[in-house]
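Here's query-v8.txt, which has compact mmCIF, C-alpha atoms:
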# COMPACT_ATOMS: atom_id res chain seq x y z
CA MET A 1 -26.82 -1.03 12.74
CA PRO A 2 -30.36 -0.77 11.35
CA GLU A 3 -30.59 1.11 8.07
CA SER A 4 -33.03 3.62 9.48
CA SER A 5 -30.53 4.96 12.02
CA ALA A 6 -27.62 5.11 9.60
CA PRO A 7 -26.55 8.69 8.90
CA ALA A 8 -26.63 10.00 5.35
CA ALA A 9 -23.28 10.01 3.63
CA ASP A 10 -21.67 13.29 2.62
CA GLN A 11 -19.74 11.48 -0.09
CA VAL A 12 -19.99 8.06 -1.75
CA LEU A 13 -16.85 6.24 -2.86
CA ASP A 14 -17.58 3.47 -5.36
CA CYS A 15 -14.91 0.75 -5.17
CA THR A 16 -17.10 -2.06 -6.49
CA GLY A 17 -15.08 -4.44 -8.63
CA LEU A 18 -11.79 -3.26 -7.15
CA ALA A 19 -9.57 -5.71 -5.30
CA CYS A 20 -7.49 -5.38 -2.15
CA PRO A 21 -5.80 -3.04 -1.30
CA LEU A 22 -7.64 -0.46 -3.44
CA PRO A 23 -10.72 0.00 -1.23
CA VAL A 24 -8.46 0.79 1.74
CA VAL A 25 -6.14 2.97 -0.31
CA LYS A 26 -8.96 4.96 -1.92
CA THR A 27 -10.79 5.33 1.39
CA ALA A 28 -7.64 6.73 3.00
CA GLN A 29 -7.37 9.26 0.19
CA ALA A 30 -11.07 10.14 0.07
CA ILE A 31 -11.48 10.71 3.80
CA LYS A 32 -8.86 13.45 3.66
CA ASN A 33 -11.15 15.43 1.36
CA LEU A 34 -13.96 15.45 3.93
CA ASP A 35 -14.32 17.80 6.86
CA GLN A 36 -14.13 16.41 10.35
CA GLY A 37 -17.51 14.98 11.30
CA GLN A 38 -18.55 14.25 7.71
CA VAL A 39 -19.43 10.72 6.64
CA LEU A 40 -18.01 8.69 3.76
CA GLU A 41 -19.91 5.74 2.34
CA LEU A 42 -17.64 3.15 0.74
CA LEU A 43 -19.19 0.67 -1.70
CA ALA A 44 -17.03 -2.40 -2.22
CA THR A 45 -17.25 -5.98 -3.40
CA ASP A 46 -13.81 -7.13 -2.21
CA PRO A 47 -14.59 -9.96 0.25
CA GLY A 48 -11.92 -8.76 2.70
CA VAL A 49 -13.34 -5.29 3.05
CA GLU A 50 -15.12 -5.82 6.37
CA PRO A 51 -12.07 -6.86 8.47
CA ASP A 52 -9.91 -4.44 6.49
CA MET A 53 -12.06 -1.41 7.17
CA ARG A 54 -12.33 -2.36 10.85
CA ALA A 55 -8.53 -2.51 11.06
CA TRP A 56 -8.08 0.68 9.06
CA SER A 57 -10.64 2.65 11.09
CA SER A 58 -9.28 1.55 14.43
CA ARG A 59 -5.73 2.31 13.36
CA THR A 60 -6.41 5.73 11.85
CA GLY A 61 -8.82 6.84 14.58
CA ASN A 62 -11.77 7.32 12.26
CA ASP A 63 -15.21 6.16 13.31
CA LEU A 64 -16.66 3.08 11.63
CA LEU A 65 -20.39 3.67 11.89
CA GLY A 66 -21.55 0.46 10.29
CA ILE A 67 -21.12 -2.13 7.60
CA SER A 68 -24.04 -3.68 5.77
CA LYS A 69 -24.17 -5.98 2.78
CA GLN A 70 -26.79 -5.53 0.08
CA ALA A 71 -26.61 -8.17 -2.63
CA ASP A 72 -22.87 -8.51 -3.27
CA VAL A 73 -21.99 -4.98 -2.23
CA PHE A 74 -20.66 -3.94 1.16
CA HIS A 75 -21.75 -0.49 2.31
CA VAL A 76 -19.29 0.90 4.83
CA LEU A 77 -20.04 4.14 6.66
CA ILE A 78 -17.09 6.00 8.15
CA ARG A 79 -17.11 9.33 9.96
CA ARG A 80 -13.95 11.39 9.68
CA VAL A 81 -12.73 12.07 13.22
CA LYS A 82 -9.30 13.62 12.81
CA MET B 1 16.51 7.15 8.05
CA TRP B 2 12.96 6.82 9.35
CA ALA B 3 11.22 10.18 9.11
CA ASP B 4 9.58 9.38 12.47
CA ASN B 5 6.40 11.20 11.56
CA SER B 6 4.33 8.08 12.26
CA GLU B 7 4.03 5.99 15.39
CA THR B 8 4.30 2.71 13.54
CA LYS B 9 6.97 1.74 11.04
CA ILE B 10 7.13 -1.29 8.74
CA LEU B 11 10.13 -2.39 6.69
CA TYR B 12 9.35 -4.73 3.80
CA VAL B 13 12.17 -6.65 2.12
CA GLN B 14 11.82 -7.89 -1.47
CA THR B 15 14.44 -10.41 -2.58
CA HIS B 16 12.69 -11.79 -5.69
CA GLY B 17 13.01 -10.31 -9.15
CA ILE B 18 11.66 -10.55 -12.66
CA ALA B 19 12.34 -14.27 -12.91
CA ASP B 20 9.41 -14.85 -10.56
CA PRO B 21 6.65 -12.36 -11.50
CA GLY B 22 4.11 -13.95 -9.18
CA ARG B 23 6.21 -12.75 -6.24
CA SER B 24 6.61 -9.22 -7.56
CA ALA B 25 3.50 -7.31 -6.53
CA THR B 26 2.46 -8.40 -3.04
CA PRO B 27 5.03 -6.29 -1.19
CA PHE B 28 3.69 -3.24 -3.05
CA PHE B 29 0.07 -4.17 -2.14
CA LEU B 30 0.87 -4.60 1.51
CA ALA B 31 3.01 -1.49 1.63
CA ALA B 32 0.19 0.57 0.08
CA ALA B 33 -2.30 -0.77 2.62
CA ALA B 34 0.13 -0.02 5.45
CA ALA B 35 0.64 3.53 4.22
CA ALA B 36 -3.13 3.95 4.01
CA MET B 37 -3.19 2.99 7.70
CA GLU B 38 -0.84 5.94 8.29
CA PHE B 39 2.18 3.76 8.97
CA GLU B 40 5.58 4.86 7.79
CA VAL B 41 6.66 2.30 5.20
CA VAL B 42 9.78 1.46 3.24
CA ILE B 43 10.51 -1.42 0.88
CA TYR B 44 14.12 -2.54 0.62
CA PHE B 45 15.01 -4.36 -2.62
CA THR B 46 17.96 -6.68 -2.32
CA MET B 47 19.31 -9.82 -4.03
CA TYR B 48 17.17 -9.97 -7.24
CA GLY B 49 14.64 -7.42 -5.99
CA PRO B 50 16.12 -4.36 -7.74
CA THR B 51 15.30 -5.85 -11.15
CA LEU B 52 11.63 -5.10 -10.44
CA LEU B 53 12.42 -1.39 -10.44
CA ARG B 54 14.05 -1.30 -13.87
CA LYS B 55 12.66 1.45 -16.11
CA ASP B 56 12.42 -1.08 -18.94
CA VAL B 57 10.58 -3.61 -16.78
CA VAL B 58 7.86 -1.74 -14.86
CA ASP B 59 5.67 -1.21 -17.93
CA ARG B 60 6.31 -4.66 -19.37
CA ILE B 61 5.61 -7.20 -16.63
CA GLY B 62 3.31 -7.55 -13.67
CA PRO B 63 2.40 -10.30 -11.23
CA LYS B 64 0.80 -12.27 -14.06
CA GLY B 65 3.76 -11.83 -16.36
CA GLU B 66 2.90 -9.91 -19.48
CA GLN B 67 -0.86 -10.09 -18.81
CA GLY B 68 -2.85 -7.83 -16.50
CA GLN B 69 -1.68 -4.73 -14.72
CA PRO B 70 2.02 -3.89 -15.09
CA LEU B 71 4.27 -3.32 -12.10
CA ARG B 72 4.21 0.46 -12.55
CA TYR B 73 0.58 0.44 -11.43
CA PHE B 74 1.44 -1.26 -8.12
CA VAL B 75 4.62 0.74 -7.61
CA GLU B 76 2.83 4.06 -8.06
CA GLN B 77 -0.06 2.98 -5.85
CA ALA B 78 2.49 2.53 -3.05
CA THR B 79 4.73 5.53 -3.72
CA GLY B 80 1.69 7.77 -4.18
CA LEU B 81 0.89 7.09 -0.52
CA GLY B 82 4.41 7.91 0.60
CA VAL B 83 6.05 4.48 0.52
CA ARG B 84 9.80 4.83 -0.07
CA LEU B 85 11.83 2.42 -2.20
CA LEU B 86 15.42 1.59 -1.19
CA VAL B 87 18.24 -0.36 -2.81
CA CYS B 88 21.89 -0.99 -2.02
CA GLN B 89 24.89 -1.00 -4.34
CA PRO B 90 25.94 -4.66 -4.03
CA SER B 91 22.54 -5.87 -5.19
CA LEU B 92 22.64 -3.43 -8.11
CA ASP B 93 26.05 -4.90 -9.01
CA LEU B 94 24.65 -8.42 -8.74
CA ASN B 95 22.09 -7.56 -11.41
CA ASP B 96 24.45 -5.38 -13.50
CA LEU B 97 22.34 -2.31 -12.81
CA SER B 98 23.02 1.30 -11.86
CA LEU B 99 20.64 3.68 -10.13
CA ASP B 100 20.07 5.33 -13.54
CA ASP B 101 18.54 2.09 -14.84
CA LEU B 102 15.81 2.28 -12.20
CA ILE B 103 12.63 4.32 -12.05
CA ASP B 104 12.86 7.77 -10.47
CA GLY B 105 12.70 8.17 -6.73
CA VAL B 106 14.60 5.06 -5.66
CA GLU B 107 17.01 5.81 -2.81
CA MET B 108 20.40 4.24 -2.20
CA ILE B 109 21.32 2.97 1.24
CA GLY B 110 23.95 0.61 2.65
CA GLY B 111 23.98 -2.34 4.99
CA ALA B 112 24.35 -0.27 8.13
CA THR B 113 21.28 1.77 7.24
CA PHE B 114 19.31 -1.38 6.52
CA ASN B 115 20.16 -2.84 9.91
CA GLU B 116 19.34 0.43 11.64
CA LEU B 117 15.99 0.57 9.84
CA ALA B 118 15.32 -3.03 10.86
CA VAL B 119 16.00 -2.68 14.57
CA SER B 120 14.03 0.55 14.79
CA ALA B 121 11.02 -0.74 12.84
CA ASP B 122 7.92 -2.17 14.50
CA ALA B 123 7.87 -4.98 11.96
CA VAL B 124 10.19 -6.34 9.31
CA ILE B 125 8.49 -8.46 6.67
CA SER B 126 10.63 -10.31 4.17
CA PHE B 127 9.64 -11.81 0.84
Let me see whether you can do it: turn the structure in this file into structure tokens.
Amino acid sequence: MPESSAPAADQVLDCTGLACPLPVVKTAQAIKNLDQGQVLELLATDPGVEPDMRAWSSRTGNDLLGISKQADVFHVLIRRVK
Amino acid sequence: MWADNSETKILYVQTHGIADPGRSATPFFLAAAAAAMEFEVVIYFTMYGPTLLRKDVVDRIGPKGEQGQPLRYFVEQATGLGVRLLVCQPSLDLNDLSLDDLIDGVEMIGGATFNELAVSADAVISF
């Protein structure tokens, strides 16, 4: 997804430097504090975060809007669906 | 024994204890990730596994022995997401332990319960 069309995040969760499974665990906790329709931006450096967040989103029914990598940091945008 | 409040259930089995710290933390990692995926998760500690839950162990050793994060960190990461920890009496006897020697919140089951959990789980993963 091009940066220009990416929605602005309602909350940013910084998990840079944290290893598996913390980005998944903290995302699961953080998304519960958002309203439905709001967007969480996860920042992570764990190299497994891309497949992990795809699996987590598809399993929990939340909407993975996009993953981009800037320098060593993955930016993962997730919209809370349910 | 399953609460059945989740569509998917995973039973992890930990048979290794404090003699092999490198095998101590992964079941907690995976269980935490599974709980974050909204699965219902239990970890059953048998054979030497219950030694990992000793009150006098969880703050002292971790997967890298006495260096790095202690086990309590990984245990609480999992239990904080709803992962339940189960033991059975024979494996406590094997390690000369009682339930009072273990951290709070550990539940006692027996062999029949374990087998029932196993056949009604979506996956059983043994370490």
Place a sphere of radius 12 Å on (-1.5, 8.3, 14.0) in the file coordinates and name every protein, DNA or RNA residue with an atom inside or on its surface, counting all atoms listed in the file; give the answer as a ChimeraX atom specification.
/A:56-62,81-82 /B:4-9,35-40
Would you put the residues from that selection into a file with C-alpha atoms, as a PDB file, keeping the file's coordinate frame?
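Everything below was put into result.pdb:
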ATOM      1  CA  TRP A  56      -8.080   0.680   9.060  1.00  0.00           C
ATOM      2  CA  SER A  57     -10.640   2.650  11.090  1.00  0.00           C
ATOM      3  CA  SER A  58      -9.280   1.550  14.430  1.00  0.00           C
ATOM      4  CA  ARG A  59      -5.730   2.310  13.360  1.00  0.00           C
ATOM      5  CA  THR A  60      -6.410   5.730  11.850  1.00  0.00           C
ATOM      6  CA  GLY A  61      -8.820   6.840  14.580  1.00  0.00           C
ATOM      7  CA  ASN A  62     -11.770   7.320  12.260  1.00  0.00           C
ATOM      8  CA  VAL A  81     -12.730  12.070  13.220  1.00  0.00           C
ATOM      9  CA  LYS A  82      -9.300  13.620  12.810  1.00  0.00           C
TER      10      LYS A  82
ATOM     11  CA  ASP B   4       9.580   9.380  12.470  1.00  0.00           C
ATOM     12  CA  ASN B   5       6.400  11.200  11.560  1.00  0.00           C
ATOM     13  CA  SER B   6       4.330   8.080  12.260  1.00  0.00           C
ATOM     14  CA  GLU B   7       4.030   5.990  15.390  1.00  0.00           C
ATOM     15  CA  THR B   8       4.300   2.710  13.540  1.00  0.00           C
ATOM     16  CA  LYS B   9       6.970   1.740  11.040  1.00  0.00           C
ATOM     17  CA  ALA B  35       0.640   3.530   4.220  1.00  0.00           C
ATOM     18  CA  ALA B  36      -3.130   3.950   4.010  1.00  0.00           C
ATOM     19  CA  MET B  37      -3.190   2.990   7.700  1.00  0.00           C
ATOM     20  CA  GLU B  38      -0.840   5.940   8.290  1.00  0.00           C
ATOM     21  CA  PHE B  39       2.180   3.760   8.970  1.00  0.00           C
ATOM     22  CA  GLU B  40       5.580   4.860   7.790  1.00  0.00           C
TER      23      GLU B  40
END
Compile the contact shell of Arg79 (chain A) as a ChimeraX atom specification: residues with an atom at most 8 Å away, counting only C-alpha atoms, same-chain residues fewer than 6 positions apart removed.
/A:36-40,62-65
Quick one: write out the picked residues with C-alpha atoms as a JSON list (two decimals), keeping the file's coordinate frame?
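Listing of selection_8.json after writing:
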[["chain", "number", "residue", "atom", "x", "y", "z"],
["A", 36, "GLN", "CA", -14.13, 16.41, 10.35],
["A", 37, "GLY", "CA", -17.51, 14.98, 11.30],
["A", 38, "GLN", "CA", -18.55, 14.25, 7.71],
["A", 39, "VAL", "CA", -19.43, 10.72, 6.64],
["A", 40, "LEU", "CA", -18.01, 8.69, 3.76],
["A", 62, "ASN", "CA", -11.77, 7.32, 12.26],
["A", 63, "ASP", "CA", -15.21, 6.16, 13.31],
["A", 64, "LEU", "CA", -16.66, 3.08, 11.63],
["A", 65, "LEU", "CA", -20.39, 3.67, 11.89]]
Each residue of chain A with at least one atom at most 9 Å from chain B should appear once, together with its nearest atom pair and the corresponding distance in Å (one decimal); atoms considered: only C-alpha atoms; ordering: chain, then increasing residue number; output as a Markdown table.
| residue | atom | partner | partner_atom | distance |
| --- | --- | --- | --- | --- |
| A:Cys20 | CA | B:Phe29 | CA | 7.7 |
| A:Pro21 | CA | B:Ala33 | CA | 5.7 |
| A:Leu22 | CA | B:Ala33 | CA | 8.1 |
| A:Val24 | CA | B:Ala33 | CA | 6.4 |
| A:Val25 | CA | B:Ala36 | CA | 5.4 |
| A:Lys26 | CA | B:Ala36 | CA | 8.4 |
| A:Thr27 | CA | B:Ala36 | CA | 8.2 |
| A:Ala28 | CA | B:Ala36 | CA | 5.4 |
| A:Gln29 | CA | B:Ala36 | CA | 7.8 |
| A:Ala55 | CA | B:Met37 | CA | 8.4 |
| A:Trp56 | CA | B:Met37 | CA | 5.6 |
| A:Ser57 | CA | B:Met37 | CA | 8.2 |
| A:Arg59 | CA | B:Met37 | CA | 6.2 |
| A:Thr60 | CA | B:Met37 | CA | 5.9 |
If you count all atoms listed in the file, which residues fall within 7 Å of His75 (chain A), apart from same-chain ones fewer than 6 positions away, as a PyMOL selection string?
chain A and resi 41-44+67-69
File of the preceding selection, C-alpha atoms, as a short mmCIF file (atom, residue, chain, number, x, y, z; two decimals), in the frame of the given file:
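Wrote result.cif, looks like this:
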data_model
loop_
_atom_site.label_atom_id
_atom_site.label_comp_id
_atom_site.auth_asym_id
_atom_site.auth_seq_id
_atom_site.Cartn_x
_atom_site.Cartn_y
_atom_site.Cartn_z
CA GLU A 41 -19.91 5.74 2.34
CA LEU A 42 -17.64 3.15 0.74
CA LEU A 43 -19.19 0.67 -1.70
CA ALA A 44 -17.03 -2.40 -2.22
CA ILE A 67 -21.12 -2.13 7.60
CA SER A 68 -24.04 -3.68 5.77
CA LYS A 69 -24.17 -5.98 2.78
#
At what distance in Å, to one decimal, does CA of Leu34 (chain A) lie from CA of Leu18 (chain A)?
21.9 Å
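With CA of Ile103 (chain B) on one side and CA of Ile125 (chain B) on the other, the separation reads 23.0 Å.
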Taking all atoms of region 75-81 of chain A that the file lists and extending 6 Å past them on each side, where is the centre of the axis-aligned box and how long are its edges? Answer in Å to one decimal, as lines of an AutoDock Vina configuration file.
center_x = -17.2
center_y = 5.8
center_z = 7.8
size_x = 21.0
size_y = 24.6
size_z = 22.9
I need every residue sitting at most 12 Å from the point (-16.3, -1.7, -11.4) (coordinates as in the file, all atoms listed in the file considered), written as a list in words.
Leu13, Asp14, Cys15, Thr16, Gly17, Leu18, Ala19, Leu22, Pro23, Leu43, Ala44, Thr45, Asp46 and Val73 of chain A
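Using only C-alpha atoms, the shortest contact distance between Asn33 (chain A) and any of A:Val12, A:Ala6, A:Leu77, A:Met53 is found at A:Val12.
Comparing A:Ala71, A:Ala8, A:Ile78, A:Val49 by their smallest distance to Ala30 (chain A), the closest is A:Ile78 (using only C-alpha atoms).
Among B:Val124, B:Val42, B:Ile109, B:Leu92, the residue with the shortest atom-to-atom distance to Thr79 (chain B), counting only C-alpha atoms, is B:Val42.
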Between CA of Leu94 (chain B) and CA of Glu116 (chain B), measure the distance and give it in Å to one decimal.
22.8 Å
Between B:Gly49, B:Ile43, B:Ser24, B:Ser98, which one has atoms that come closest to Ala123 (chain B), using all atoms listed in the file?
B:Ile43
Find, counting all atoms listed in the file, the residue in B:Leu117, B:Val41, B:Leu97, B:Met1 that gets nearest to Leu85 (chain B).
B:Val41
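With distances restricted to all atoms listed in the file, B:Pro21 is the closest residue to Val57 (chain B) from B:Gly82, B:Pro27, B:Pro90, B:Pro21.
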Which polymer residues have any atom within 9 Å of an atom of Asp101 (chain B), counting all atoms listed in the file, with same-chain residues fewer than 5 positions away left out, as a ChimeraX atom specification?
/B:53-56
Some atoms are missing, so please complete region 87-99 of chain B with N, CA and C atoms and return it as a short mmCIF file (atom, residue, chain, number, x, y, z; two decimals), in the coordinates of the input.
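Contents of the output file rebuild_8.cif:
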data_model
loop_
_atom_site.label_atom_id
_atom_site.label_comp_id
_atom_site.auth_asym_id
_atom_site.auth_seq_id
_atom_site.Cartn_x
_atom_site.Cartn_y
_atom_site.Cartn_z
N VAL B 87 17.37 0.70 -2.29
CA VAL B 87 18.24 -0.36 -2.81
C VAL B 87 19.64 -0.16 -2.22
N CYS B 88 20.49 -1.18 -2.39
CA CYS B 88 21.89 -0.99 -2.02
C CYS B 88 22.78 -1.39 -3.20
N GLN B 89 24.00 -0.85 -3.19
CA GLN B 89 24.89 -1.00 -4.34
C GLN B 89 25.24 -2.45 -4.66
N PRO B 90 25.57 -3.29 -3.68
CA PRO B 90 25.94 -4.66 -4.03
C PRO B 90 24.85 -5.41 -4.80
N SER B 91 23.59 -5.15 -4.46
CA SER B 91 22.54 -5.87 -5.19
C SER B 91 22.30 -5.26 -6.56
N LEU B 92 22.65 -3.98 -6.74
CA LEU B 92 22.64 -3.43 -8.11
C LEU B 92 23.75 -4.10 -8.92
N ASP B 93 24.93 -4.24 -8.32
CA ASP B 93 26.05 -4.90 -9.01
C ASP B 93 25.68 -6.33 -9.39
N LEU B 94 25.04 -7.03 -8.48
CA LEU B 94 24.65 -8.42 -8.74
C LEU B 94 23.82 -8.55 -10.01
N ASN B 95 22.99 -7.53 -10.25
CA ASN B 95 22.09 -7.56 -11.41
C ASN B 95 22.58 -6.69 -12.56
N ASP B 96 23.86 -6.25 -12.47
CA ASP B 96 24.45 -5.38 -13.50
C ASP B 96 23.60 -4.15 -13.77
N LEU B 97 23.18 -3.50 -12.69
CA LEU B 97 22.34 -2.31 -12.81
C LEU B 97 23.03 -1.11 -12.16
N SER B 98 22.66 0.09 -12.60
CA SER B 98 23.02 1.30 -11.86
C SER B 98 21.72 2.00 -11.47
N LEU B 99 21.84 2.97 -10.58
CA LEU B 99 20.64 3.68 -10.13
C LEU B 99 19.92 4.32 -11.32
#
